[in-house]
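Below is entry_38.txt, holding compact mmCIF, C-alpha atoms.
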```
# COMPACT_ATOMS: atom_id res chain seq x y z
CA ASP T 1 168.73 173.59 54.63
CA ALA T 2 171.07 175.16 57.16
CA GLU T 3 170.57 178.71 55.91
CA VAL T 4 166.92 178.85 56.85
CA SER T 5 166.74 177.06 60.14
CA ASN T 6 165.79 179.36 62.97
CA GLY T 7 164.24 179.25 66.43
CA VAL T 8 163.90 175.81 68.00
CA GLU T 9 164.98 174.22 64.73
CA LEU T 10 168.35 175.89 65.13
CA SER T 11 168.80 175.31 68.86
CA ALA T 12 167.78 171.64 68.63
CA LYS T 13 169.71 171.01 65.40
CA ASP T 14 171.85 168.25 66.93
CA LYS T 15 168.77 166.28 68.00
CA LEU T 16 166.70 166.85 64.89
CA GLU T 17 169.61 165.80 62.67
CA HIS T 18 170.71 162.96 64.91
CA VAL T 19 170.20 159.81 62.89
CA VAL T 20 170.77 156.42 64.46
CA LYS T 21 172.54 154.30 61.87
CA ALA T 22 170.11 151.66 60.74
CA THR T 23 171.86 148.33 61.14
CA GLY T 24 169.05 146.15 59.92
CA TYR T 25 170.78 145.32 56.63
CA GLN T 26 174.13 145.05 54.86
CA GLN T 27 175.10 146.36 51.44
CA THR T 28 177.53 145.23 48.74
CA ARG T 29 180.25 147.64 47.58
CA ASP T 30 178.05 149.11 44.88
CA GLY T 31 175.21 149.72 47.30
CA LYS T 32 173.01 146.68 46.61
CA ILE T 33 171.28 145.29 49.67
CA ILE T 34 172.29 141.81 50.79
CA TYR T 35 169.07 140.18 51.95
CA LYS T 36 169.56 137.59 54.64
CA PHE T 37 166.95 135.69 56.48
CA SER T 38 167.04 138.25 59.33
CA THR T 39 166.98 141.39 57.12
CA ASP T 40 164.06 143.70 57.84
CA PRO T 41 162.67 144.22 54.31
CA VAL T 42 161.17 147.61 55.25
CA ALA T 43 164.23 149.18 56.88
CA PRO T 44 166.15 150.03 53.68
CA THR T 45 163.15 151.83 52.22
CA GLN T 46 162.63 154.20 55.14
CA ASN T 47 164.14 157.64 55.47
CA PRO T 48 166.41 157.98 58.45
CA LYS T 49 164.63 160.06 61.10
CA GLY T 50 166.07 162.48 63.63
CA LEU T 51 165.12 162.36 67.28
CA ASP T 52 161.89 164.02 68.33
CA VAL T 53 161.95 167.35 70.11
CA HIS T 54 159.03 168.06 72.42
CA LEU T 55 158.09 171.62 73.28
CA THR T 56 156.84 172.98 76.59
CA ILE T 57 154.20 175.02 74.70
CA ASP T 58 150.57 174.27 75.59
CA ALA T 59 148.60 174.55 72.34
CA ALA T 60 145.40 175.77 74.02
CA ILE T 61 147.21 178.53 75.96
CA GLN T 62 149.22 179.49 72.88
CA HIS T 63 145.98 179.87 70.90
CA VAL T 64 144.41 182.12 73.55
CA CYS T 65 147.51 184.34 73.66
CA GLU T 66 147.67 184.74 69.89
CA LYS T 67 143.97 185.50 69.65
CA GLU T 68 143.95 188.13 72.43
CA LEU T 69 147.16 189.74 71.20
CA HIS T 70 145.93 190.04 67.61
CA LYS T 71 142.59 191.42 68.78
CA ILE T 72 144.13 194.32 70.75
CA ILE T 73 146.79 195.00 68.10
CA ALA T 74 144.04 195.45 65.52
CA GLU T 75 141.86 197.47 67.91
CA LYS T 76 144.67 199.81 69.04
CA ASP T 77 146.48 199.84 65.68
CA ALA T 78 149.78 198.80 67.30
CA SER T 79 152.96 197.86 65.46
CA ARG T 80 154.00 194.78 67.42
CA GLY T 81 153.36 192.83 70.58
CA ALA T 82 154.12 189.71 72.57
CA VAL T 83 152.55 187.55 75.25
CA ILE T 84 154.64 185.06 77.19
CA VAL T 85 153.23 182.60 79.71
CA MET T 86 155.70 180.69 81.88
CA ASN T 87 155.57 178.27 84.76
CA PRO T 88 157.88 180.07 87.24
CA LYS T 89 158.57 176.87 89.20
CA ASN T 90 160.36 175.08 86.36
CA GLY T 91 160.95 177.75 83.69
CA GLU T 92 158.74 175.99 81.11
CA ILE T 93 157.24 178.41 78.61
CA LEU T 94 153.60 177.48 78.05
CA ALA T 95 152.91 180.11 75.41
CA TYR T 96 155.05 182.43 73.34
CA ALA T 97 152.95 184.62 71.06
CA VAL T 98 154.76 187.22 68.99
CA TYR T 99 153.35 189.70 66.47
CA PRO T 100 154.21 190.33 63.62
CA THR T 101 154.64 186.73 62.64
CA TYR T 102 154.99 184.70 59.44
CA ASP T 103 154.24 181.29 57.97
CA PRO T 104 157.45 179.22 58.33
CA ASN T 105 156.34 177.13 55.34
CA HIS T 106 156.63 180.25 53.21
CA PHE T 107 159.48 181.96 55.00
CA GLU T 108 160.80 183.33 51.71
CA LYS T 109 157.83 185.71 51.57
CA ALA T 110 158.49 187.09 55.06
CA SER T 111 160.32 190.35 55.76
CA ASN T 112 163.31 190.52 58.11
CA ALA T 113 161.14 192.26 60.68
CA GLN T 114 158.75 189.30 60.64
CA ILE T 115 161.42 186.60 60.80
CA LYS T 116 163.40 188.18 63.62
CA ASN T 117 162.09 187.30 67.07
CA TRP T 118 162.23 190.86 68.40
CA THR T 119 161.35 189.71 71.93
CA LEU T 120 164.86 188.24 72.12
CA THR T 121 166.89 190.49 69.84
CA ASP T 122 165.52 193.92 70.72
CA VAL T 123 165.80 195.80 73.97
CA TYR T 124 163.57 198.56 75.32
CA PRO T 125 163.12 200.65 78.47
CA PRO T 126 160.79 198.59 80.69
CA GLY T 127 159.20 201.61 82.37
CA SER T 128 156.99 201.18 85.43
CA THR T 129 157.09 197.37 85.56
CA PHE T 130 160.73 197.86 86.61
CA LYS T 131 159.58 199.56 89.82
CA ILE T 132 158.97 196.03 91.13
CA ILE T 133 162.71 195.39 90.76
CA THR T 134 163.71 198.70 92.42
CA VAL T 135 161.52 198.15 95.48
CA THR T 136 162.50 194.47 95.77
CA SER T 137 166.22 195.36 95.56
CA ALA T 138 165.94 197.95 98.35
CA MET T 139 164.01 195.52 100.52
CA GLU T 140 166.44 192.67 99.91
CA LEU T 141 169.27 195.01 101.00
CA GLY T 142 167.38 195.87 104.20
CA LYS T 143 166.86 199.54 103.25
CA ILE T 144 163.07 199.29 103.55
CA ASN T 145 160.53 196.85 104.96
CA GLU T 146 156.87 196.01 104.38
CA HIS T 147 155.69 198.99 106.48
CA SER T 148 158.11 201.63 105.22
CA THR T 149 156.84 205.01 104.11
CA ILE T 150 158.48 207.05 101.37
CA GLN T 151 158.41 210.75 100.54
CA ASP T 152 156.65 211.54 97.28
CA GLN T 153 156.94 215.21 96.40
CA GLY T 154 155.25 214.58 93.03
CA ARG T 155 157.99 216.22 91.01
CA ILE T 156 161.80 216.47 91.08
CA LYS T 157 163.98 218.90 89.17
CA PHE T 158 167.43 217.57 88.44
CA GLY T 159 169.69 219.94 86.48
CA ASN T 160 167.52 220.88 83.53
CA PHE T 161 165.70 217.59 83.75
CA ILE T 162 162.27 217.37 85.36
CA ILE T 163 160.64 214.16 86.44
CA GLU T 164 157.11 214.04 87.72
CA ASN T 165 154.40 211.52 88.47
CA TYR T 166 151.96 210.86 85.65
CA ASP T 167 149.12 212.30 87.77
CA TYR T 168 151.10 215.26 89.16
CA LYS T 169 149.12 217.87 87.21
CA GLU T 170 145.81 216.74 88.70
CA LYS T 171 146.92 215.40 92.09
CA GLY T 172 150.02 217.39 93.01
CA ALA T 173 152.35 215.97 95.67
CA PRO T 174 150.97 212.95 97.57
CA GLY T 175 153.44 213.53 100.45
CA THR T 176 154.18 210.44 102.55
CA ILE T 177 153.20 207.21 100.81
CA ASN T 178 153.50 203.50 101.56
CA LEU T 179 154.72 200.80 99.16
CA VAL T 180 151.22 199.67 98.15
CA TYR T 181 150.46 203.26 97.10
CA LEU T 182 153.76 203.39 95.21
CA PHE T 183 152.77 200.33 93.14
CA GLU T 184 149.09 201.19 92.79
CA HIS T 185 149.69 204.76 91.59
CA SER T 186 152.97 203.85 89.90
CA SER T 187 154.79 206.67 91.64
CA ASN T 188 157.90 207.79 89.72
CA ILE T 189 159.12 210.00 92.54
CA GLY T 190 158.48 207.34 95.19
CA SER T 191 160.53 204.88 93.10
CA VAL T 192 163.36 207.38 92.67
CA ASN T 193 163.48 207.96 96.44
CA VAL T 194 163.54 204.20 97.06
CA GLY T 195 166.30 203.90 94.45
CA TYR T 196 168.34 206.57 96.23
CA LEU T 197 168.41 204.47 99.43
CA MET T 198 170.93 202.24 97.59
CA THR T 199 174.41 203.21 96.46
CA HIS T 200 175.26 202.86 92.73
CA ASN T 201 177.12 199.63 93.48
CA GLU T 202 174.37 198.17 95.64
CA PHE T 203 171.64 198.83 93.08
CA TYR T 204 173.81 197.62 90.17
CA ASN T 205 174.73 194.40 92.00
CA MET T 206 171.06 193.67 92.69
CA LEU T 207 170.20 194.22 89.02
CA LYS T 208 172.98 191.78 88.07
CA LYS T 209 171.54 189.24 90.52
CA PHE T 210 168.19 189.58 88.76
CA GLY T 211 169.94 188.74 85.47
CA PHE T 212 169.92 192.16 83.81
CA GLY T 213 172.85 192.85 81.50
CA GLU T 214 173.20 189.19 80.59
CA LYS T 215 171.27 186.62 78.55
CA SER T 216 168.49 184.67 80.26
CA GLY T 217 169.85 181.50 78.65
CA ILE T 218 166.60 180.57 76.89
CA ASP T 219 167.04 177.75 74.34
CA LEU T 220 166.41 179.98 71.32
CA PRO T 221 168.98 181.75 69.15
CA GLY T 222 169.58 185.49 68.83
CA GLU T 223 169.14 186.59 72.44
CA SER T 224 170.51 190.01 73.38
CA SER T 225 172.10 190.64 76.77
CA GLY T 226 170.40 194.04 77.16
CA LEU T 227 172.12 197.23 78.26
CA LEU T 228 173.18 197.79 81.84
CA ALA T 229 175.92 200.37 82.42
CA PRO T 230 178.57 199.38 84.99
CA PRO T 231 178.37 201.39 88.24
CA GLU T 232 181.49 203.45 87.51
CA TYR T 233 179.47 205.15 84.74
CA TRP T 234 176.50 205.88 86.98
CA ASP T 235 175.75 209.38 88.20
CA LYS T 236 172.82 210.72 90.18
CA GLY T 237 170.78 211.20 87.01
CA LEU T 238 171.28 207.67 85.68
CA HIS T 239 170.59 206.22 89.13
CA MET T 240 167.34 208.19 89.19
CA THR T 241 166.17 206.99 85.76
CA MET T 242 167.19 203.41 86.62
CA ALA T 243 164.83 203.49 89.58
CA TYR T 244 161.71 204.01 87.47
CA GLY T 245 162.59 201.93 84.44
CA TYR T 246 164.38 204.20 81.95
CA GLY T 247 168.11 203.98 82.69
CA THR T 248 168.42 200.45 81.40
CA SER T 249 167.23 198.56 78.33
CA VAL T 250 166.06 195.00 78.76
CA SER T 251 164.84 192.18 76.57
CA ILE T 252 161.40 190.75 77.22
CA MET T 253 162.90 187.44 78.33
CA GLN T 254 165.11 189.18 80.94
CA MET T 255 162.04 190.79 82.48
CA VAL T 256 160.23 187.43 82.57
CA SER T 257 163.23 185.80 84.23
CA ALA T 258 163.73 188.60 86.80
CA VAL T 259 160.10 188.73 87.97
CA SER T 260 159.89 184.93 88.07
CA ALA T 261 162.20 185.09 91.13
CA LEU T 262 159.33 186.74 93.04
CA ALA T 263 156.91 184.05 91.91
CA ASN T 264 159.22 181.18 92.82
CA ASN T 265 160.37 181.92 96.39
CA GLY T 266 163.34 183.96 95.27
CA VAL T 267 164.78 181.48 92.74
CA ARG T 268 165.02 182.10 88.99
CA VAL T 269 164.84 179.04 86.73
CA THR T 270 166.20 179.28 83.16
CA PRO T 271 163.26 179.92 80.78
CA HIS T 272 162.99 177.23 78.10
CA VAL T 273 160.72 176.03 75.29
CA ILE T 274 162.14 172.52 74.83
CA LYS T 275 161.16 169.68 77.18
CA TYR T 276 164.29 168.03 78.53
CA THR T 277 165.11 164.67 80.05
CA PRO T 278 166.26 164.93 83.69
CA GLU T 279 169.89 164.47 82.52
CA GLU T 280 169.65 167.26 79.93
CA GLU T 281 167.84 169.45 82.40
CA ALA T 282 170.60 169.12 84.97
CA GLU T 283 173.02 170.41 82.35
CA LYS T 284 170.94 173.13 80.66
CA ILE T 285 168.55 174.51 83.27
CA LYS T 286 169.97 176.65 86.04
CA ARG T 287 168.25 177.45 89.33
CA ILE T 288 169.61 180.77 90.50
CA PRO T 289 168.93 181.96 94.05
CA THR T 290 168.19 185.68 93.59
CA ILE T 291 166.45 187.04 96.69
CA ASN T 292 165.33 185.75 100.08
CA PRO T 293 162.02 183.84 100.04
CA GLU T 294 160.78 186.28 102.69
CA THR T 295 161.42 189.29 100.41
CA ALA T 296 159.60 187.53 97.57
CA LYS T 297 156.59 186.88 99.80
CA ILE T 298 156.34 190.48 101.05
CA ILE T 299 156.64 192.04 97.58
CA THR T 300 154.04 189.57 96.28
CA LYS T 301 151.67 190.63 99.06
CA LEU T 302 152.20 194.36 98.32
CA LEU T 303 151.61 193.84 94.59
CA VAL T 304 148.43 191.87 95.29
CA GLN T 305 147.11 194.65 97.53
CA SER T 306 147.89 197.27 94.91
CA VAL T 307 145.95 195.32 92.24
CA ASN T 308 143.01 194.52 94.54
CA ASN T 309 142.76 198.13 95.76
CA GLY T 310 142.63 199.68 92.37
CA ARG T 311 140.19 199.67 89.51
CA SER T 312 142.76 197.95 87.34
CA THR T 313 141.75 195.91 84.28
CA ILE T 314 144.04 193.12 85.52
CA LYS T 315 142.06 192.46 88.70
CA SER T 316 140.40 189.06 89.00
CA ASP T 317 137.33 187.93 90.95
CA LYS T 318 138.79 184.53 91.74
CA TYR T 319 142.51 184.99 92.07
CA ASN T 320 144.92 187.21 93.95
CA ILE T 321 147.17 188.47 91.20
CA ALA T 322 150.57 190.03 91.91
CA ALA T 323 151.14 192.33 88.95
CA LYS T 324 152.24 195.72 87.70
CA THR T 325 151.38 197.61 84.53
CA GLY T 326 153.81 199.91 82.77
CA THR T 327 153.94 202.53 80.06
CA SER T 328 157.24 203.74 78.67
CA LYS T 329 158.27 206.07 75.87
CA LYS T 330 159.84 204.35 72.92
CA PRO T 331 163.36 205.54 72.09
CA ALA T 332 163.76 207.09 68.62
CA ALA T 333 165.30 204.83 65.97
CA ASN T 334 168.39 207.06 65.67
CA GLY T 335 169.04 206.62 69.39
CA ARG T 336 168.45 210.29 70.23
CA GLY T 337 165.51 211.09 72.46
CA TYR T 338 162.10 209.43 72.16
CA SER T 339 159.94 208.63 69.15
CA GLY T 340 156.51 209.57 70.47
CA ALA T 341 155.39 205.92 70.40
CA MET T 342 154.81 204.03 73.64
CA TYR T 343 155.51 200.57 75.02
CA THR T 344 152.67 199.39 77.22
CA SER T 345 153.11 196.33 79.36
CA THR T 346 151.81 194.23 82.22
CA ILE T 347 153.76 191.60 84.12
CA GLY T 348 152.34 189.44 86.87
CA TYR T 349 151.78 186.02 88.35
CA PHE T 350 149.10 184.09 90.22
CA PRO T 351 147.62 182.62 92.34
CA ALA T 352 149.62 184.67 94.82
CA ASN T 353 149.65 181.98 97.53
CA ASP T 354 151.30 179.43 95.19
CA PRO T 355 152.11 180.94 91.78
CA GLN T 356 151.53 178.56 88.85
CA VAL T 357 151.88 181.00 85.98
CA LEU T 358 153.69 184.18 85.13
CA ILE T 359 152.36 186.30 82.27
CA TYR T 360 154.11 189.15 80.48
CA VAL T 361 152.30 191.23 77.89
CA VAL T 362 154.05 193.94 75.86
CA VAL T 363 152.43 196.02 73.12
CA ASP T 364 154.55 198.42 71.12
CA GLY T 365 153.28 201.52 69.35
CA ALA T 366 149.53 201.39 70.11
CA SER T 367 148.05 204.47 68.47
CA LYS T 368 144.29 204.48 69.04
CA GLY T 369 142.47 205.48 72.20
CA ALA T 370 144.17 205.92 75.59
CA VAL T 371 147.61 204.34 75.47
CA TRP T 372 148.48 203.05 78.95
CA GLY T 373 149.65 199.72 80.34
CA ASN T 374 146.25 199.44 81.98
CA THR T 375 144.22 200.12 78.83
CA VAL T 376 146.27 198.25 76.19
CA ALA T 377 148.30 195.44 77.80
CA GLY T 378 145.99 195.09 80.84
CA PRO T 379 142.94 193.72 78.97
CA ILE T 380 145.13 191.10 77.22
CA PHE T 381 146.63 190.11 80.58
CA HIS T 382 143.16 189.84 82.13
CA GLU T 383 141.74 187.68 79.36
CA VAL T 384 144.82 185.45 79.13
CA SER T 385 144.95 184.94 82.92
CA GLU T 386 141.24 183.98 83.06
CA GLN T 387 141.60 181.47 80.20
CA VAL T 388 144.89 180.01 81.45
CA ALA T 389 143.33 179.47 84.89
CA ARG T 390 140.51 177.57 83.23
CA ILE T 391 142.77 175.51 80.94
CA LEU T 392 145.13 174.54 83.78
CA ASP T 393 142.27 174.20 86.28
CA ILE T 394 143.93 176.48 88.83
CA LYS T 395 142.20 176.54 92.18
CA PRO T 396 140.90 180.05 93.10
CA ASP T 397 142.68 181.64 96.09
CA LYS T 398 140.28 184.51 96.74
CA ILE T 399 137.70 183.89 99.43
CA GLN T 400 134.37 184.54 97.76
CA ALA T 401 132.09 186.84 99.71
CA LYS T 402 128.85 184.99 100.40
CA THR T 403 125.93 186.61 98.64
CA ASN T 404 122.58 186.63 100.38
CA ASN T 405 119.97 185.36 98.02
```
With the file now loaded, output its structure as structure tokens.
Amino acid sequence: DAEVSNGVELSAKDKLEHVVKATGYQQTRDGKIIYKFSTDPVAPTQNPKGLDVHLTIDAAIQHVCEKELHKIIAEKDASRGAVIVMNPKNGEILAYAVYPTYDPNHFEKASNAQIKNWTLTDVYPPGSTFKIITVTSAMELGKINEHSTIQDQGRIKFGNFIIENYDYKEKGAPGTINLVYLFEHSSNIGSVNVGYLMTHNEFYNMLKKFGFGEKSGIDLPGESSGLLAPPEYWDKGLHMTMAYGYGTSVSIMQMVSAVSALANNGVRVTPHVIKYTPEEEAEKIKRIPTINPETAKIITKLLVQSVNNGRSTIKSDKYNIAAKTGTSKKPAANGRGYSGAMYTSTIGYFPANDPQVLIYVVVDGASKGAVWGNTVAGPIFHEVSEQVARILDIKPDKIQAKTNN
């Protein structure tokens, strides 16, 4: 029934409906079968079958993601969430958990909100996770290097707009900071000052290279291209908000694709959920050089240090994880101002020396307890990364300190 196909069923329609004409028998004009000696007696009784479509999803990883996502959504009373696990080397999506969900066998009972895959159709301000992109862009353009220091005055007034670090009220102005500090303390002002090292055009062109403002090309229907204003519309204020993750709206898949460049030596590979033959892959899967491998390595190292330094929930005993948490205000439904709800997220990949998996967790509208990327999305990320490492048997890359017994 064409009206109700969605998701993979819609994108793989040609394969699923592809029926090889059975030639095992002949028929008379009125449809009677002419049995000859060579006729296969079973062939006429079988339903024609479409070609099989194999998914890249790993059932064990998918189960873990769904379980952890549902647990936190219930605990924090959140409205929706998603966990995506991807192999950054080939773009294969190993898990794609989305809440709210529905039973496709009883789709008629599901609401529009449940049927729509909001991770593709909806866009949102990415918040602090976007600081990875700002710092990487400036480094790729040669504006900063691994050892650069940045001024962080804690608070900036711009017109009648004030932006400050989340910890400004207790910590004041940190002064001169390095890039590890910027990531670890998620410095808004540090990110703005890094953003200002680029012209509007330079920053915009880097964001385009990362795939913002266009579809990731995933093999699922309904993908939005996000919102990225062309540079002629940028002013100092928009440039500033861009730098710390508010000036643009992205889809979850765009974020996954952009950060995967860091995990895969600077090359983005089209995310996909269908397993392809080498011929199909050559046609459908793009490998897009995005940044220099050297830039990818340095940013990975800085992110790892920021996670290992901190008391973050995403830290692992066995693996060096390159990751960043984020918390962003949710825009109001009428498009004016913010709604009071928050998006919390964590994006990262590991093991840092040879990344096998990239994980993105987003939880929308958590309303119980402390609502931060580190307290809502972080625990899901931690649990999923531990389980995925076990399922895929990923070799630890942290040198264990010897304990004296």
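Of the listed residues (T:Ile132, T:Val192, T:Val180, T:Ile291), T:Val192 comes nearest to Gly154 of chain T; the distances count only C-alpha atoms.
Of the listed residues T:His70, T:Lys109, T:His382, T:Lys209, the one whose atoms come nearest to Ile314 of chain T is T:His382, with distances taken using all atoms listed in the file.
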Could you pull the residues within 12 Å of Lys67 of chain T, counting all atoms listed in the file, minus those fewer than 2 positions along the same chain, as a VMD selection string?
chain T and resid 60 to 65 69 to 74 81 to 83 95 97 to 99 380 383 to 384 387
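Residues in contact range of segment 238-240 of chain T, defined as at most 9 Å between all atoms listed in the file, with sequence neighbours fewer than 4 positions away removed, read Ser191, Val192, Asn193, Gly195, Tyr196, Thr199, His200, Phe203, Tyr233, Trp234, Tyr244, Tyr246, Gly247 and Thr248 of chain T.
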Mind writing the picked residues with C-alpha atoms as a CSV table (one decimal), in the coordinates of the input?
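Final output, again_23.csv:
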```csv
chain,number,residue,atom,x,y,z
T,191,SER,CA,160.5,204.9,93.1
T,192,VAL,CA,163.4,207.4,92.7
T,193,ASN,CA,163.5,208.0,96.4
T,195,GLY,CA,166.3,203.9,94.4
T,196,TYR,CA,168.3,206.6,96.2
T,199,THR,CA,174.4,203.2,96.5
T,200,HIS,CA,175.3,202.9,92.7
T,203,PHE,CA,171.6,198.8,93.1
T,233,TYR,CA,179.5,205.2,84.7
T,234,TRP,CA,176.5,205.9,87.0
T,244,TYR,CA,161.7,204.0,87.5
T,246,TYR,CA,164.4,204.2,82.0
T,247,GLY,CA,168.1,204.0,82.7
T,248,THR,CA,168.4,200.4,81.4
```
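Interatomic distance, atom CA of Ile144 of chain T against atom CA of Asp354 of chain T: 24.6 Å.
Considering only C-alpha atoms, the residue among T:Lys301, T:Lys286, T:Lys143, T:Lys15 positioned nearest to Glu202 of chain T is T:Lys143.
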Got a sec to check which residues sit within 12 Å of (167.9, 195.0, 87.1), counting only C-alpha atoms, and write them as a count of residues only?
51
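In this comparison, which uses all atoms listed in the file, the residue of T:Trp118, T:Tyr102, T:Tyr319, T:Phe107 approaching Pro396 of chain T most closely is T:Tyr319.
Minimum distance to Leu10 of chain T across T:Ile150, T:Pro331, T:Asp219, T:Asn90 (counting all atoms listed in the file) occurs at T:Asp219.
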May I have the residues at most 10 Å from (167.6, 165.9, 62.6) in the file's coordinates, counting only C-alpha atoms, as a PyMOL selection string?
chain T and resi 9+12-19+48-53
Quick one: everything within 8 Å of Thr346 of chain T, counting all atoms listed in the file, minus sequence neighbours fewer than 2 positions away in the same chain. Send it as a PyMOL selection string.
chain T and resi 129+323-326+344+348+359-362+373-374+377-378+381
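Between atom CA of Ser148 of chain T and atom CA of Thr327 of chain T there is a distance of 25.5 Å.
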